[in-house]
Each structure stands twice: as structure tokens, then as C-alpha cells.
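**Q** Following this message is one structure expressed as C-alpha cells.
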Amino acid sequence: MIGRRVALWAAASIALAAHGDDARVRTVYFNAWGGDPAINDYIAWAGERLEQEHGITLRHVKVGDISEAVVRLNAEHAAGRDNGGSMDLLWINGENFAALKNAGLLYGPWAQDVDGAARINWQNPTVRVDGNLATDGYELPWGSVALTFFYDGARIATPPNTPATLLQWIENNPGRFTYVQPPSFVGTAFLKQLLLLLTPAPDVLQSPVAENFDEVTEPIWNWLDRAHPSMWRRGRLFPLSGPAQRELLAVGEIDWSMAYNPSDASRAIENGELPVSIRGLHLRGGALANSHFVAIPYNAGARDSAILAAAFLISPEAQAHKADERIWGDTTVLNLKKLTPEARARFERAEHGAATPPPPASTLSEPHPSWNDALERAWLQRYTR
């Protein structure tokens with residue numbers, strides 16, 4: 001394994017050097033969600049470091065949802081563009097990874113052999129399995145997250161922390177709660193979090209959607225049917241993204257927001273974007289948790305540069321910078337015990353804001369990817385007529 005890892009790194013470096021000043025193979029088109037300025041700034045920082053260290057230009061192709069890149073890659077495949085594709089690196093997970101892997105549209109396996117992969121905490125099951133599908137080296141873990149709820153502590157002394165008590169709070173406080181509209185990933189995550197806690201058969205969610213979909217999901221539709229009339233805009237209008245929901249919290253229209261990043265509110269408070277009274281919590285019974293990844297399309301035009309870029313993204317320097325709540329606050333995928341004392345110290349001395357909750361007492365595994373599409377279709381059919 002070590003020999004193969006060194007060989008992969010060396011091969012990428014040698015191949016890149018052989019191209020000299022070929023601008024295309026030194027330019028990595030990184031298709032990644034562009035909806036959060038802090039994340040965009042982090043990717044720009046990574047691009048500056050890659051330019052300094054390797055002469056690689058990282059172009060952030062900002063997408064509203066990575067499914068846009070999935071559609072484009074399928075179109076290139078259908079058109080026979082099997083070399084020199086327009087995308088070199090994708091920020092991806094869940095059903096989008098499953099769709100591309102099952103269609104054979106990802107390069108690999110490569111991820112476990114990239115330089116620095118030995119420092120990853122491979123004992124964490126979410127870095128080896130993505131949305132119930134084994135990664136098999138076709139994507140490299142980049143960060144780990146857990147769905148986190150944020151509330152205004154100035155208005156809520158004892159926050160509800162179960163679906164039942166949250167529903168009661170919503171009905172007792174009309175207009176003060178909402179969630180992001182599916183199929184935005186935060187909105188779909190909220191549906192999955194509810195489903196995992198409410199359904200009497202959560203183990204069924206680890207298998208593909210079957211004919212019992214209506215029976216399994218009935219509890220969340222009952223929950224939402226009761227909650228919507230008491231929600232913001234009476235459940236007829238929803239924010240379209242996590243940042244949009246956070247803005248509603250910032251201006252006092254609602255008392256709650258949610259994000260996959262447990263540090264989301266602390267960073268926003270630090271930047272003056274949320275009041276200092278905001279606090280965070282995970283629902284009792286387990287927080288929906290997963291990892292997010294980078295992958296390389298099968299037809300990438302700058303594959304060797306993409307490998308070097310991915311290796312930098314999991315370096316202790318890049319992971320520590322990303323874990324800083326003032327920058328992004330994304331939880332590292334590295335095993336800190338495998339780092340040098342100096343590198344480990346950067347993580348250990350990191351401070352956490354008052355809105356960042358402790359790690360969840362337990363986590364919930366992502367359902368099989370097929371549940372994402374099924375939940376989104378059912379939600380849209382029921383609530384957007």
C-alpha cells in the first residue's frame with residue numbers, strides 16, 4: 001500500500017512536470033457548491049497555496065447543487081467526450097456519488113493511495129461508506145459533519161430536542177420555525193433526520209426504497225402536516241438554502257436555523273452575521289452524520305493535477321485551516337494521533353464558539369441513496385402543488 005501510494009504521488013508529479021507549461025493540465029476545474037462565502041474563501045485560499053507549492057491553478061466552478069455537474073458529466077459521456085473533460089475535481093457525496101459510481105463515470109480507485117491518505121481516520125465508517133455505498137477508493141474524504149440545529153437562546157430558555165417536543169414548540173410559537181426547501185441538501189437532511197427518528201422501522205432505510213415507502217414515511221408526513229400551518233409563512237414558503245435560512249434567523253424573523261456544520265453559527269457570530277445569543281444542539285436520539293468527499297471524473301482533463309490538489313486538501317495544513325471556526329469550522333477527517341506534535345497542536349488549541357455544541361452523543365447513518373430522491377419527490381408532490 002505504501003509503495004503504491006508513493007508511486008501514485010510520484011507518477012502524478014512526474015506527469016505534471018512532463019507537461020511543462022501546458023496550462024490545461026495545470027488548471028484544475030473544481031466543481032463545488034458556491035453558496036457560502038466562507039467556503040468560497042477557503043477554496044480560494046487552497047488555490048493560492050496550490051499555486052505556490054505546485055504551480056497548479058484551482059478554478060472554483062461554483063454550482064448551486066453538485067447534481068448540475070452530474071448532469072454535465074453524463075452529457076459529456078453521452079457525447080463521447082471520454083478525454084479532456086470540462087471537470088477535474090468534484091465536491092460530492094450521497095446520491096450524486098452513487099449515480100456516478102454506478103454509471104462508471106468516476107476515475108479510480110485512487111483515493112486510498114494518494115499522498116497523506118494514511119493520516120485519514122479510516123476507523124470512522126462515514127469515510128469508507130458514502131450514503132450506504134462503499135467508496136472503494138473512488139472518492140477521497142474531505143470533511144465530516146453532523147446535522148446541527150441552532151436556536152435563539154434569548155427567546156428559548158429550554159430548547160426542544162426531540163421531534164415530538166419540537167412539534168409542540170412550533171405549534172406554541174406560530175411563525176417562528178422553518179426549514180430549507182428540499183431538494184436543497186439541508187432540507188433533505190432535515191427530512192432524513194426526522195425519518196430516522198420517527199419511523200418504526202429505521203433499519204429498512206439502509207436498503208433501497210421498496211413498495212413499503214408510504215408506510216415507512218407516513219410518520220414524517222403526519223409530523224409535517226401538523227407543523228406546516230404553524231410555521232413561518234404558514235408552511236407555504238421555505239428558504240431555498242442554509243444561508244438563506246440563517247439570514248432569516250439573523251433578522252429575527254425566525255428562531256431556528258440548521259446546518260450540517262456544527263460551527264456554522266459560531267462562525268457567523270464571529271463575522272457579525274448572527275446575534276451572540278444563538279446556541280446549537282443535536283437532537284436526542286442521534287444526529288444525522290456523514291462525510292463529504294472529492295472525486296475525479298473518468299474523463300478529467302487534468303487528472304494528475306487533480307490528484308495533487310486532492311492530496312493538499314487532506315494535508316494537515318489545509319485540514320487545520322478548514323477546521324478553524326473563523327475560516328470554515330469543518331470537522332477534520334484526519335486521525336490526530338497520526339500527526340506530528342506540531343501539526344496536532346494546531347487542532348488541539350482551536351477554540352470553539354458558544355454556539356458550537358459538543359459532539360453528538362450518538363450519530364445516525366445516512367439512509368440508502370435511493371431514499372433521497374424518493375423523499376424529495378414525495379415532498380414536492382405533497383407541498384408544492
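Numbering starts fresh at 1 for the residues of each chain in the C-alpha cells, the chains themselves are lettered A, B, ... in the order given, and ligands are numbered from 1 as they appear.
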Taking 5 positions as the minimum chain separation for residues in the same chain, which residues sit within 12 Å of Val129 (chain A) when counting only C-alpha atoms? Answer as a PyMOL selection string.
**A** chain A and resi 93-94+97-98+122-124+134-141+206+289-293+365-369
**Q** For region 237-249 of chain A, find every residue with an atom within 9 Å (counting only C-alpha atoms), except residues of its own chain fewer than 2 positions away, and show them as a ChimeraX atom specification.
**A** /A:35-36,151-152,178-187,232-235,251-259,265,268,273-275
**Q** Convert the current residue selection to file output with N, CA and C atoms, as a compact mmCIF listing (two decimals), in the first residue's frame.
**A**
```txt
# COMPACT_ATOMS: atom_id res chain seq x y z
N GLY A 35 -22.45 28.28 -2.53
CA GLY A 35 -23.47 29.05 -1.83
C GLY A 35 -23.08 29.65 -0.50
N ASP A 36 -21.84 29.46 -0.06
CA ASP A 36 -21.41 30.00 1.23
C ASP A 36 -20.12 30.79 1.03
N TYR A 151 -30.63 27.76 17.64
CA TYR A 151 -31.81 28.48 18.14
C TYR A 151 -31.36 29.75 18.86
N ASP A 152 -32.29 30.67 19.02
CA ASP A 152 -32.00 31.94 19.69
C ASP A 152 -32.22 31.75 21.20
N THR A 178 -38.89 27.30 10.52
CA THR A 178 -38.99 26.84 9.15
C THR A 178 -37.81 25.92 8.87
N TYR A 179 -37.76 25.37 7.68
CA TYR A 179 -36.61 24.56 7.26
C TYR A 179 -36.37 24.82 5.78
N VAL A 180 -35.21 24.41 5.32
CA VAL A 180 -34.84 24.67 3.93
C VAL A 180 -35.64 23.76 3.01
N GLN A 181 -36.06 24.32 1.89
CA GLN A 181 -36.89 23.55 0.96
C GLN A 181 -36.11 22.45 0.27
N PRO A 182 -36.55 21.20 0.36
CA PRO A 182 -35.96 20.15 -0.48
C PRO A 182 -36.21 20.49 -1.95
N PRO A 183 -35.32 20.11 -2.88
CA PRO A 183 -34.21 19.20 -2.70
C PRO A 183 -32.88 19.82 -2.29
N SER A 184 -32.86 21.04 -1.78
CA SER A 184 -31.61 21.56 -1.21
C SER A 184 -31.12 20.56 -0.17
N PHE A 185 -29.79 20.34 -0.11
CA PHE A 185 -29.29 19.23 0.69
C PHE A 185 -29.60 19.38 2.18
N VAL A 186 -29.67 20.63 2.70
CA VAL A 186 -30.00 20.80 4.11
C VAL A 186 -31.47 20.45 4.35
N GLY A 187 -32.33 20.82 3.41
CA GLY A 187 -33.74 20.48 3.55
C GLY A 187 -33.98 18.98 3.50
N TRP A 232 -43.29 29.39 9.74
CA TRP A 232 -43.07 30.65 9.02
C TRP A 232 -43.80 30.58 7.67
N ARG A 233 -44.50 31.64 7.37
CA ARG A 233 -45.31 31.75 6.15
C ARG A 233 -46.31 30.58 6.04
N ARG A 234 -46.72 30.08 7.22
CA ARG A 234 -47.71 29.00 7.31
C ARG A 234 -47.32 27.77 6.50
N GLY A 235 -46.01 27.56 6.35
CA GLY A 235 -45.53 26.38 5.65
C GLY A 235 -45.81 26.39 4.16
N VAL A 251 -32.17 38.28 11.11
CA VAL A 251 -33.03 39.47 11.15
C VAL A 251 -34.21 39.29 12.10
N GLY A 252 -34.28 38.16 12.79
CA GLY A 252 -35.31 37.96 13.80
C GLY A 252 -36.65 37.47 13.29
N GLU A 253 -36.71 37.01 12.03
CA GLU A 253 -37.98 36.52 11.51
C GLU A 253 -38.31 35.14 12.06
N ILE A 254 -37.30 34.36 12.37
CA ILE A 254 -37.49 33.03 12.92
C ILE A 254 -36.52 32.84 14.09
N ASP A 255 -36.69 31.75 14.82
CA ASP A 255 -35.85 31.48 15.98
C ASP A 255 -34.92 30.29 15.78
N TRP A 256 -34.96 29.67 14.61
CA TRP A 256 -34.18 28.46 14.37
C TRP A 256 -33.51 28.51 13.00
N SER A 257 -32.37 27.84 12.91
CA SER A 257 -31.77 27.51 11.62
C SER A 257 -31.13 26.14 11.79
N MET A 258 -30.58 25.63 10.73
CA MET A 258 -29.88 24.33 10.83
C MET A 258 -28.81 24.27 9.76
N ALA A 259 -27.80 23.46 10.02
CA ALA A 259 -26.69 23.30 9.09
C ALA A 259 -26.01 21.97 9.37
N ALA A 265 -23.00 28.50 13.15
CA ALA A 265 -23.47 29.69 13.85
C ALA A 265 -22.33 30.42 14.56
N ALA A 268 -20.65 32.51 12.09
CA ALA A 268 -21.49 33.65 11.71
C ALA A 268 -21.50 34.71 12.81
N GLU A 273 -22.67 38.17 11.70
CA GLU A 273 -23.82 37.82 10.87
C GLU A 273 -24.99 37.25 11.68
N LEU A 274 -24.76 36.90 12.95
CA LEU A 274 -25.81 36.39 13.81
C LEU A 274 -25.64 37.01 15.20
N PRO A 275 -26.72 37.16 15.95
CA PRO A 275 -26.60 37.69 17.32
C PRO A 275 -25.86 36.70 18.23
```
**Q** Quick one: DSSP strand (DSSP E) residues in region 81-308 of chain A, as an MDAnalysis selection string?
**A** chainID A and resid 89:92 129:130 133:134 139:146 148:152 256:259 278:281 287:295
**Q** Just list the residues in region 49-290 of chain A DSSP gives alpha helix (DSSP H) on the backbone, as a ChimeraX atom specification.
**A** /A:49-54,67-78,95-102,163-172,185-198,213-227,242-250,264-270
**Q** Given only C-alpha atoms as the basis, pick out the residue of A:Asp115, A:Glu270, A:Glu348, A:Glu95 nearest to Glu376 (chain A).
**A** A:Glu95
**Q** Tell me, as a PyMOL selection string, which residues lie within 10 Å of Gly353 (chain A), counting only C-alpha atoms; anything in the same chain fewer than 5 positions away does not count.
**A** chain A and resi 263-267+269-270+276+279+325-326
**Q** Go ahead and save the residues from that selection, with N, CA, C and O atoms, as an mmCIF file, in the first residue's frame.
**A**
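In the end it all went to again.cif:
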```cif
data_model
loop_
_atom_site.group_PDB
_atom_site.id
_atom_site.type_symbol
_atom_site.label_atom_id
_atom_site.label_comp_id
_atom_site.auth_asym_id
_atom_site.auth_seq_id
_atom_site.Cartn_x
_atom_site.Cartn_y
_atom_site.Cartn_z
ATOM 1 N N SER A 263 -20.236 24.197 13.467
ATOM 2 C CA SER A 263 -19.634 25.501 13.750
ATOM 3 C C SER A 263 -20.283 26.637 12.971
ATOM 4 O O SER A 263 -19.837 27.781 13.066
ATOM 5 N N ASP A 264 -21.322 26.346 12.211
ATOM 6 C CA ASP A 264 -21.903 27.334 11.309
ATOM 7 C C ASP A 264 -22.294 28.617 12.035
ATOM 8 O O ASP A 264 -21.959 29.723 11.600
ATOM 9 N N ALA A 265 -22.996 28.499 13.152
ATOM 10 C CA ALA A 265 -23.467 29.694 13.853
ATOM 11 C C ALA A 265 -22.331 30.422 14.557
ATOM 12 O O ALA A 265 -22.312 31.659 14.590
ATOM 13 N N SER A 266 -21.387 29.690 15.126
ATOM 14 C CA SER A 266 -20.261 30.350 15.811
ATOM 15 C C SER A 266 -19.458 31.199 14.838
ATOM 16 O O SER A 266 -19.055 32.322 15.163
ATOM 17 N N ARG A 267 -19.241 30.676 13.633
ATOM 18 C CA ARG A 267 -18.523 31.454 12.621
ATOM 19 C C ARG A 267 -19.323 32.686 12.227
ATOM 20 O O ARG A 267 -18.774 33.779 12.045
ATOM 21 N N ILE A 269 -21.499 34.288 14.064
ATOM 22 C CA ILE A 269 -21.438 35.253 15.170
ATOM 23 C C ILE A 269 -20.119 36.004 15.123
ATOM 24 O O ILE A 269 -20.079 37.238 15.280
ATOM 25 N N GLU A 270 -19.022 35.272 14.907
ATOM 26 C CA GLU A 270 -17.697 35.889 14.834
ATOM 27 C C GLU A 270 -17.645 36.940 13.735
ATOM 28 O O GLU A 270 -16.990 37.980 13.873
ATOM 29 N N VAL A 276 -25.259 37.222 19.274
ATOM 30 C CA VAL A 276 -24.439 36.401 20.177
ATOM 31 C C VAL A 276 -25.286 35.452 21.013
ATOM 32 O O VAL A 276 -24.743 34.576 21.699
ATOM 33 N N ARG A 279 -27.435 29.581 19.985
ATOM 34 C CA ARG A 279 -26.820 28.381 20.541
ATOM 35 C C ARG A 279 -27.154 27.195 19.631
ATOM 36 O O ARG A 279 -28.063 27.261 18.810
ATOM 37 N N GLU A 325 -12.878 27.654 13.168
ATOM 38 C CA GLU A 325 -14.243 28.174 13.065
ATOM 39 C C GLU A 325 -14.306 29.551 12.427
ATOM 40 O O GLU A 325 -15.329 29.927 11.858
ATOM 41 N N ARG A 326 -13.231 30.307 12.514
ATOM 42 C CA ARG A 326 -13.223 31.626 11.883
ATOM 43 C C ARG A 326 -13.119 31.516 10.369
ATOM 44 O O ARG A 326 -13.415 32.484 9.648
#
```
**Q** Can you tell me, as a PyMOL selection string, what residues are no more than 12 Å from Leu100 (chain A) when counting only C-alpha atoms, ignoring any on the same chain fewer than 4 positions away?
**A** chain A and resi 66-67+69-74+77+90+92-96+104-108+133+135+138-139+295-298
**Q** Using only C-alpha atoms, pick whichever of A:Thr188, A:Gln52, A:Asn173, A:Asn271 has the shortest atom-to-atom distance to Ile327 (chain A).
**A**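 The closest residue to Ile327 (chain A) is A:Asn271.
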**Q** Which polymer residues have any atom within 7 Å of an atom of Phe30 (chain A), counting only C-alpha atoms, with same-chain residues fewer than 4 positions away left out, as a PyMOL selection string?
**A** chain A and resi 58-61+87-90
**Q** Take the residues from that selection and put them in a file with N, CA, C and O atoms, as a PDB file, in the first residue's frame.
**A**
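Written out: result-v5.pdb:
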```pdb
ATOM      1  N   LEU A  58      -6.250  26.424  -9.343  1.00  0.00           N
ATOM      2  CA  LEU A  58      -7.513  25.813  -8.935  1.00  0.00           C
ATOM      3  C   LEU A  58      -8.654  26.767  -9.297  1.00  0.00           C
ATOM      4  O   LEU A  58      -8.767  27.857  -8.728  1.00  0.00           O
ATOM      5  N   ARG A  59      -9.480  26.368 -10.247  1.00  0.00           N
ATOM      6  CA  ARG A  59     -10.624  27.172 -10.669  1.00  0.00           C
ATOM      7  C   ARG A  59     -11.888  26.647  -9.978  1.00  0.00           C
ATOM      8  O   ARG A  59     -12.303  25.504 -10.216  1.00  0.00           O
ATOM      9  N   HIS A  60     -12.477  27.443  -9.114  1.00  0.00           N
ATOM     10  CA  HIS A  60     -13.697  27.041  -8.425  1.00  0.00           C
ATOM     11  C   HIS A  60     -14.883  27.297  -9.348  1.00  0.00           C
ATOM     12  O   HIS A  60     -15.254  28.444  -9.596  1.00  0.00           O
ATOM     13  N   VAL A  61     -15.455  26.229  -9.872  1.00  0.00           N
ATOM     14  CA  VAL A  61     -16.663  26.328 -10.686  1.00  0.00           C
ATOM     15  C   VAL A  61     -17.837  26.216  -9.717  1.00  0.00           C
ATOM     16  O   VAL A  61     -18.170  25.132  -9.239  1.00  0.00           O
ATOM     17  N   MET A  87     -14.437  18.937 -16.342  1.00  0.00           N
ATOM     18  CA  MET A  87     -14.357  18.915 -14.879  1.00  0.00           C
ATOM     19  C   MET A  87     -13.215  18.010 -14.439  1.00  0.00           C
ATOM     20  O   MET A  87     -13.008  16.929 -15.015  1.00  0.00           O
ATOM     21  N   ASP A  88     -12.488  18.449 -13.413  1.00  0.00           N
ATOM     22  CA  ASP A  88     -11.345  17.674 -12.936  1.00  0.00           C
ATOM     23  C   ASP A  88     -11.499  17.181 -11.512  1.00  0.00           C
ATOM     24  O   ASP A  88     -10.916  16.167 -11.133  1.00  0.00           O
ATOM     25  N   LEU A  89     -12.273  17.903 -10.714  1.00  0.00           N
ATOM     26  CA  LEU A  89     -12.463  17.537  -9.317  1.00  0.00           C
ATOM     27  C   LEU A  89     -13.884  17.925  -8.933  1.00  0.00           C
ATOM     28  O   LEU A  89     -14.368  18.993  -9.318  1.00  0.00           O
ATOM     29  N   LEU A  90     -14.553  17.059  -8.182  1.00  0.00           N
ATOM     30  CA  LEU A  90     -15.928  17.300  -7.756  1.00  0.00           C
ATOM     31  C   LEU A  90     -16.019  17.224  -6.248  1.00  0.00           C
ATOM     32  O   LEU A  90     -15.439  16.327  -5.617  1.00  0.00           O
TER      33      LEU A  90
END
```
**Q** Compile the contact shell of Leu197 (chain A) as a PDB file with all heavy atoms, in the first residue's frame: residues with an atom at most 9 Å away, counting only C-alpha atoms, same-chain residues fewer than 2 positions apart removed.
**A**
```pdb
ATOM      1  N   THR A 162     -36.299  16.839  20.650  1.00  0.00           N
ATOM      2  CA  THR A 162     -36.853  15.634  20.029  1.00  0.00           C
ATOM      3  C   THR A 162     -37.888  16.073  19.010  1.00  0.00           C
ATOM      4  O   THR A 162     -38.407  17.192  19.083  1.00  0.00           O
ATOM      5  CB  THR A 162     -37.537  14.713  21.061  1.00  0.00           C
ATOM      6  OG1 THR A 162     -38.713  15.375  21.564  1.00  0.00           O
ATOM      7  CG2 THR A 162     -36.602  14.366  22.219  1.00  0.00           C
ATOM      8  N   PRO A 163     -38.219  15.228  18.035  1.00  0.00           N
ATOM      9  CA  PRO A 163     -39.265  15.613  17.084  1.00  0.00           C
ATOM     10  C   PRO A 163     -40.584  15.963  17.767  1.00  0.00           C
ATOM     11  O   PRO A 163     -41.260  16.919  17.366  1.00  0.00           O
ATOM     12  CB  PRO A 163     -39.393  14.373  16.196  1.00  0.00           C
ATOM     13  CG  PRO A 163     -38.034  13.751  16.229  1.00  0.00           C
ATOM     14  CD  PRO A 163     -37.556  13.961  17.632  1.00  0.00           C
ATOM     15  N   LYS A 192     -34.570  13.479   6.348  1.00  0.00           N
ATOM     16  CA  LYS A 192     -33.950  12.204   6.734  1.00  0.00           C
ATOM     17  C   LYS A 192     -33.772  12.114   8.243  1.00  0.00           C
ATOM     18  O   LYS A 192     -33.958  11.043   8.831  1.00  0.00           O
ATOM     19  CB  LYS A 192     -32.608  12.044   6.012  1.00  0.00           C
ATOM     20  CG  LYS A 192     -32.742  11.819   4.515  1.00  0.00           C
ATOM     21  CD  LYS A 192     -31.415  11.525   3.849  1.00  0.00           C
ATOM     22  CE  LYS A 192     -30.501  12.735   3.802  1.00  0.00           C
ATOM     23  NZ  LYS A 192     -29.268  12.475   3.031  1.00  0.00           N
ATOM     24  N   GLN A 193     -33.394  13.238   8.871  1.00  0.00           N
ATOM     25  CA  GLN A 193     -33.250  13.248  10.331  1.00  0.00           C
ATOM     26  C   GLN A 193     -34.582  12.895  10.989  1.00  0.00           C
ATOM     27  O   GLN A 193     -34.636  12.052  11.897  1.00  0.00           O
ATOM     28  CB  GLN A 193     -32.777  14.620  10.792  1.00  0.00           C
ATOM     29  CG  GLN A 193     -32.777  14.836  12.302  1.00  0.00           C
ATOM     30  CD  GLN A 193     -31.562  14.264  12.999  1.00  0.00           C
ATOM     31  OE1 GLN A 193     -30.487  14.820  12.951  1.00  0.00           O
ATOM     32  NE2 GLN A 193     -31.749  13.134  13.654  1.00  0.00           N
ATOM     33  N   LEU A 194     -35.671  13.530  10.545  1.00  0.00           N
ATOM     34  CA  LEU A 194     -36.977  13.212  11.091  1.00  0.00           C
ATOM     35  C   LEU A 194     -37.349  11.754  10.851  1.00  0.00           C
ATOM     36  O   LEU A 194     -37.850  11.059  11.750  1.00  0.00           O
ATOM     37  CB  LEU A 194     -38.043  14.114  10.469  1.00  0.00           C
ATOM     38  CG  LEU A 194     -38.098  15.573  10.900  1.00  0.00           C
ATOM     39  CD1 LEU A 194     -39.214  16.285  10.137  1.00  0.00           C
ATOM     40  CD2 LEU A 194     -38.310  15.714  12.398  1.00  0.00           C
ATOM     41  N   LEU A 195     -37.106  11.291   9.628  1.00  0.00           N
ATOM     42  CA  LEU A 195     -37.496   9.927   9.283  1.00  0.00           C
ATOM     43  C   LEU A 195     -36.767   8.905  10.139  1.00  0.00           C
ATOM     44  O   LEU A 195     -37.366   7.938  10.630  1.00  0.00           O
ATOM     45  CB  LEU A 195     -37.227   9.682   7.800  1.00  0.00           C
ATOM     46  CG  LEU A 195     -37.630   8.307   7.253  1.00  0.00           C
ATOM     47  CD1 LEU A 195     -39.118   8.063   7.457  1.00  0.00           C
ATOM     48  CD2 LEU A 195     -37.270   8.202   5.777  1.00  0.00           C
ATOM     49  N   THR A 199     -39.663   6.930  12.192  1.00  0.00           N
ATOM     50  CA  THR A 199     -40.172   5.692  11.609  1.00  0.00           C
ATOM     51  C   THR A 199     -40.008   4.524  12.576  1.00  0.00           C
ATOM     52  O   THR A 199     -38.986   4.431  13.276  1.00  0.00           O
ATOM     53  CB  THR A 199     -39.466   5.369  10.276  1.00  0.00           C
ATOM     54  OG1 THR A 199     -40.052   4.182   9.712  1.00  0.00           O
ATOM     55  CG2 THR A 199     -37.978   5.123  10.481  1.00  0.00           C
ATOM     56  N   PRO A 200     -40.966   3.626  12.628  1.00  0.00           N
ATOM     57  CA  PRO A 200     -40.821   2.451  13.487  1.00  0.00           C
ATOM     58  C   PRO A 200     -39.871   1.406  12.916  1.00  0.00           C
ATOM     59  O   PRO A 200     -39.536   0.438  13.601  1.00  0.00           O
ATOM     60  CB  PRO A 200     -42.258   1.906  13.565  1.00  0.00           C
ATOM     61  CG  PRO A 200     -42.899   2.364  12.297  1.00  0.00           C
ATOM     62  CD  PRO A 200     -42.292   3.712  12.008  1.00  0.00           C
ATOM     63  N   PRO A 202     -36.452   1.914  11.268  1.00  0.00           N
ATOM     64  CA  PRO A 202     -35.297   2.627  10.717  1.00  0.00           C
ATOM     65  C   PRO A 202     -34.310   1.732   9.968  1.00  0.00           C
ATOM     66  O   PRO A 202     -33.630   2.195   9.051  1.00  0.00           O
ATOM     67  CB  PRO A 202     -34.646   3.252  11.963  1.00  0.00           C
ATOM     68  CG  PRO A 202     -35.132   2.428  13.109  1.00  0.00           C
ATOM     69  CD  PRO A 202     -36.507   1.986  12.740  1.00  0.00           C
ATOM     70  N   GLY A 285     -31.358  11.201  20.443  1.00  0.00           N
ATOM     71  CA  GLY A 285     -31.648  10.023  19.628  1.00  0.00           C
ATOM     72  C   GLY A 285     -30.645   9.843  18.515  1.00  0.00           C
ATOM     73  O   GLY A 285     -30.587   8.785  17.879  1.00  0.00           O
ATOM     74  N   GLY A 286     -29.827  10.895  18.277  1.00  0.00           N
ATOM     75  CA  GLY A 286     -28.770  10.781  17.278  1.00  0.00           C
ATOM     76  C   GLY A 286     -28.841  11.868  16.228  1.00  0.00           C
ATOM     77  O   GLY A 286     -29.924  12.276  15.807  1.00  0.00           O
TER      78      GLY A 286
END
```
**Q** Which residue out of A:Trp91, A:Phe213, A:Trp45, A:Phe150 has the minimum interatomic distance to His282 (chain A) when only C-alpha atoms are used?
**A** A:Phe150
**Q** Would you please work out which residue, of A:Gln381, A:Gln112, A:Thr148, A:Asn132, is nearest to Pro358 (chain A) when using only C-alpha atoms?
**A**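 Closest residue, counting only C-alpha atoms: A:Thr148.
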**Q** When you count only C-alpha atoms, which of these residues is closest to Asp22 (chain A): A:Ala345, A:Ala302, A:Ala350, A:Val333?
**A**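 That would be A:Ala302, the residue with the smallest distance to Asp22 (chain A).
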